[in-house]
Each structure stands twice: as C-alpha cells, then as structure tokens.
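Accompanying notes for the structure given below.
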Amino acid sequence: MGSLESLIRSIEAEPLESSGHVYHPIPFDNFKHLRSATHPRAAYRKYNLIQSALPFEDLKGKKVLDIGANAGFFSYKFAQLGAHVDAIEPHRRYYELGLQVTACYGIDVSWYNQSIDIEFLRGRRYNIALMLSVFQWMSKGNSELDRAKLILREISKRADYLFFELGCNWGSSAIEVKEPALRWIFGLLKENTVYSGIWYLGTTRPWGGIKTRWRFRRYLFCCTDLAVHLNTWQRLVTRLIHK
C-alpha cells in the first residue's frame with residue numbers, strides 16, 4: 001500500500017495534464033479522487049459500447065492490443081475480465097505510470113514504451129485490438145496518412161475484432177477532411193482493413209454532455225468478420241452509412 005500511496009501523491013504533486021491529473025480516469029477506487037481531462041462518464045460509456053458489442057463476456061485466455069493506452073483505463077478493464085493485454089504507450093510518463101499501477105494491482109498487462117509499427121506486429125495475433133482516438137497521431141494529421149493506413153491494414157490482419165474511434169477537423173494533429181467525418185472514417189476502414197463487417201457503435205464525447213459541439217465528437221466502429229452484438233439503432237446507422 002505504501003508504494004501505491006506514494007504513486008498517488010506523485011500524481012497529485014505533478015499532474016500529467018494541464019486540465020487534470022491524468023487524461024483518462026484510472027478505474028480503481030484509490031484513484032477516483034483524481035481529476036481526468038476527459039469526462040469519466042465518457043470513458044465508461046465507450047468501454048460499455050465496446051464490451052456490449054463482443055459476443056463473449058469472459059475474456060479469459062483472450063489477447064488484447066491497446067494502442068495508445070495512455071494511463072491504462074481500457075487495458076485494466078479488459079485485464080479484469082481475464083484477458084492478457086499488450087499496452088502500447090509512447091508517452092514516457094504514462095508508460096511509467098502504467099507499469100506502476102500494473103505492479104500495484106497485479107494485473108496481466110504488458111507495457112511497451114513505443115509507437116505502434118509493423119515490426120512490433122510481426123508474428124503477433126490478437127483477439128481484440130483497440131485504436132481509440134490514436135489514428136490521427138499515427139498519421140500526424142494528414143502528413144503521414146499513407147504510412148498510417150499501411151499500419152492500420154497490418155493491425156486488421158492480426159486481430160479478430162478491431163475497435164476504432166476517430167474524429168476529424170478538430171484537435172491536436174487532427175485529420176482534415178472535406179466530406180462528413182462519419183462517412184470518411186467508414187471509407188477509411190472499408191478501404192484499409194481486411195474485414196467484411198464494419199459496424200457503427202456510436203458517437204463518443206470525450207468531454208461529456210449531449211450538447212458537446214459536433215466538431216468535438218468522435219465516432220466508434222467495430223470491425224470484424226465474426227459475430228457481433230448490435231442494437232437496432234446501430235444496425236440502422238450502419239446501413240445508412242453503407243448507402
């Protein structure tokens with residue numbers, strides 16, 4: 001407990017964000033008093049959208065790749081369901097924080113302090129891959145879009161389920177597009193992954209609230225050739241995007 005308390009004190013003394021202690025919440029009671037830059041309710045809603053789309057609840061023996069894991073919110077949530085998680089995080093402080101939290105709670109998460117690349121993926125296979133608002137950083141906005149598309153295709157070859165979230169035209173390193181962002185993202189996934197099924201799961205709002213401006217919103221998709229659980233609204237919007 002002593003190392004955990006000292007870790008929390010270090011975050012309180014030197015926050016990792018200007019608008020909060022951390023970017024995503026850390027989903028353990030010891031950390032719940034810390035402020036996150038994104039709204040905690042938004043993180044849990046996104047996680048619930050992802051989990052509810054999977055046709056299985058027990059992840060024991062499953063392998064998950066969390067790209068741009070940040071402090072580990074999604075990595076921890078999937079590990080708590082029994083999965084082994086490979087967490088990729090290039091930011092040094094978040095990587096070190098992830099290592100410490102993982103050690104304190106004995107969670108099955110392996111951390112890698114690097115950006116995702118084809119060399120890392122070589123020889124690896126995953127049941128689930130998470131790309132949650134990281135593609136724009138991989139593509140450096142529009143400047144390295146072709147390179148990011150090649151990595152996206154490689155990831156799709158190595159994961160049964162890919163959960164992909166992206167917004168456009170707003171934010172640091174944003175991808176600028178002329179057509180509606182939802183349709184552009186669907187086209188990106190259709191043309192640069194190997195999946196026959198690309199399913200819309202919902203709109204995400206990292207800063208919370210239904211009144212969040214449209215340009216701040218992001219779109220979450222599930223890509224897979226396997227079974228997926230969807231509600232009527234998700235199937236309807238998917239059909240509309242296909243047209």
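In the structure tokens, the first chain shown is A, the next is B, and so on; residue numbers restart at 1 for each chain, and ligands run from 1 in the order shown.
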
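The list of residues with at least one atom within 10 Å of Leu162 of chain A, based on only C-alpha atoms and without residues fewer than 5 positions apart in the same chain, reads A:Ile50, A:Val64, A:Leu65, A:Tyr126, A:Asn127, A:Ile128, A:Ala129, A:Leu130, A:Met131, A:Leu132, A:Leu152, A:Ile155, A:Ser156, A:Lys157, A:Thr193, A:Tyr195, A:Ile198, A:Phe221, A:Cys222, A:Cys223, A:Thr224.
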
- as a PyMOL selection string, which residues of segment 63-101 of chain A does DSSP assign to helix (DSSP H, G or I)? chain A and resi 73-80+92-101

- Message: Env of Ala37 of chain A: 9 Å cut, atoms = only C-alpha atoms, seq-sep filter 5 positions within chain, self excluded. Answer as an MDAnalysis selection string.
- Response: chainID A and resid 17:25 206:207

Distance query Lys60 of chain A at most 12 Å, only C-alpha atoms, self and fewer than 5 positions along chain excluded, as a compact mmCIF listing (two decimals) with C-alpha atoms, in the first residue's frame:
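File out-v2.txt, as written:
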# COMPACT_ATOMS: atom_id res chain seq x y z
CA PHE A 78 -10.09 -5.82 -20.19
CA ALA A 79 -7.46 -7.41 -17.95
CA GLN A 80 -10.02 -7.52 -15.12
CA LEU A 81 -12.19 -9.67 -17.43
CA GLY A 82 -9.37 -12.20 -17.77
CA ALA A 83 -7.54 -11.00 -20.89
CA HIS A 84 -3.81 -10.56 -21.34
CA VAL A 85 -3.22 -7.04 -22.66
CA ASP A 108 -1.96 -9.03 -16.58
CA ASN A 127 -8.47 -11.45 -30.38

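Near Asn48 of chain A, within a cut-off of 12 Å and counting only C-alpha atoms, sit the residues Arg41, Ala42, Ala43, Tyr44, Arg45, Lys46, Ile50, Gln51, Ser52, Ala53, Leu54, Glu57, Phe74, Lys77, Phe78, Leu201, Gly202, Thr204 and Leu220 of chain A, with same-chain residues fewer than 2 positions away left out.
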
- Message: To one decimal place in Å, what is the distance between atom CA of Glu89 of chain A and atom CA of Val109 of chain A?
- Response: 12.2 Å

- Residues at most 8 Å from Asn192 of chain A, counting only C-alpha atoms, excluding those fewer than 5 positions away in the same chain, as a PyMOL selection string? chain A and resi 149-150+152-153

- Message: Give me, as a PyMOL selection string, all polymer residues having an atom no more than 8 Å from Gly72 of chain A, counting only C-alpha atoms and skipping those fewer than 4 positions away in the same chain.
- Response: chain A and resi 26+76+87+98

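Of the residues listed (A:Leu16, A:Val177, A:Ala159, A:Ile185), A:Ile185 shows the shortest atom-to-atom separation from Phe135 of chain A; distances use only C-alpha atoms.
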
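In terms of minimum interatomic distance to Leu230 of chain A, A:Leu49 ranks closest within A:Leu49, A:Phe186, A:Phe216, A:Gly141, counting only C-alpha atoms.
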
- Give me every strand (DSSP E) residue in segment 92-231 of chain A, going by DSSP on the backbone, as number ranges by chain. A: 109-112, 126-132, 159-166, 197-204, 218-224

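We find atom CA of Gly187 of chain A and atom CA of Gly171 of chain A to be spaced 21.0 Å apart.
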
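The space between atom CA of Thr203 of chain A and atom CA of Gly167 of chain A spans 9.6 Å.
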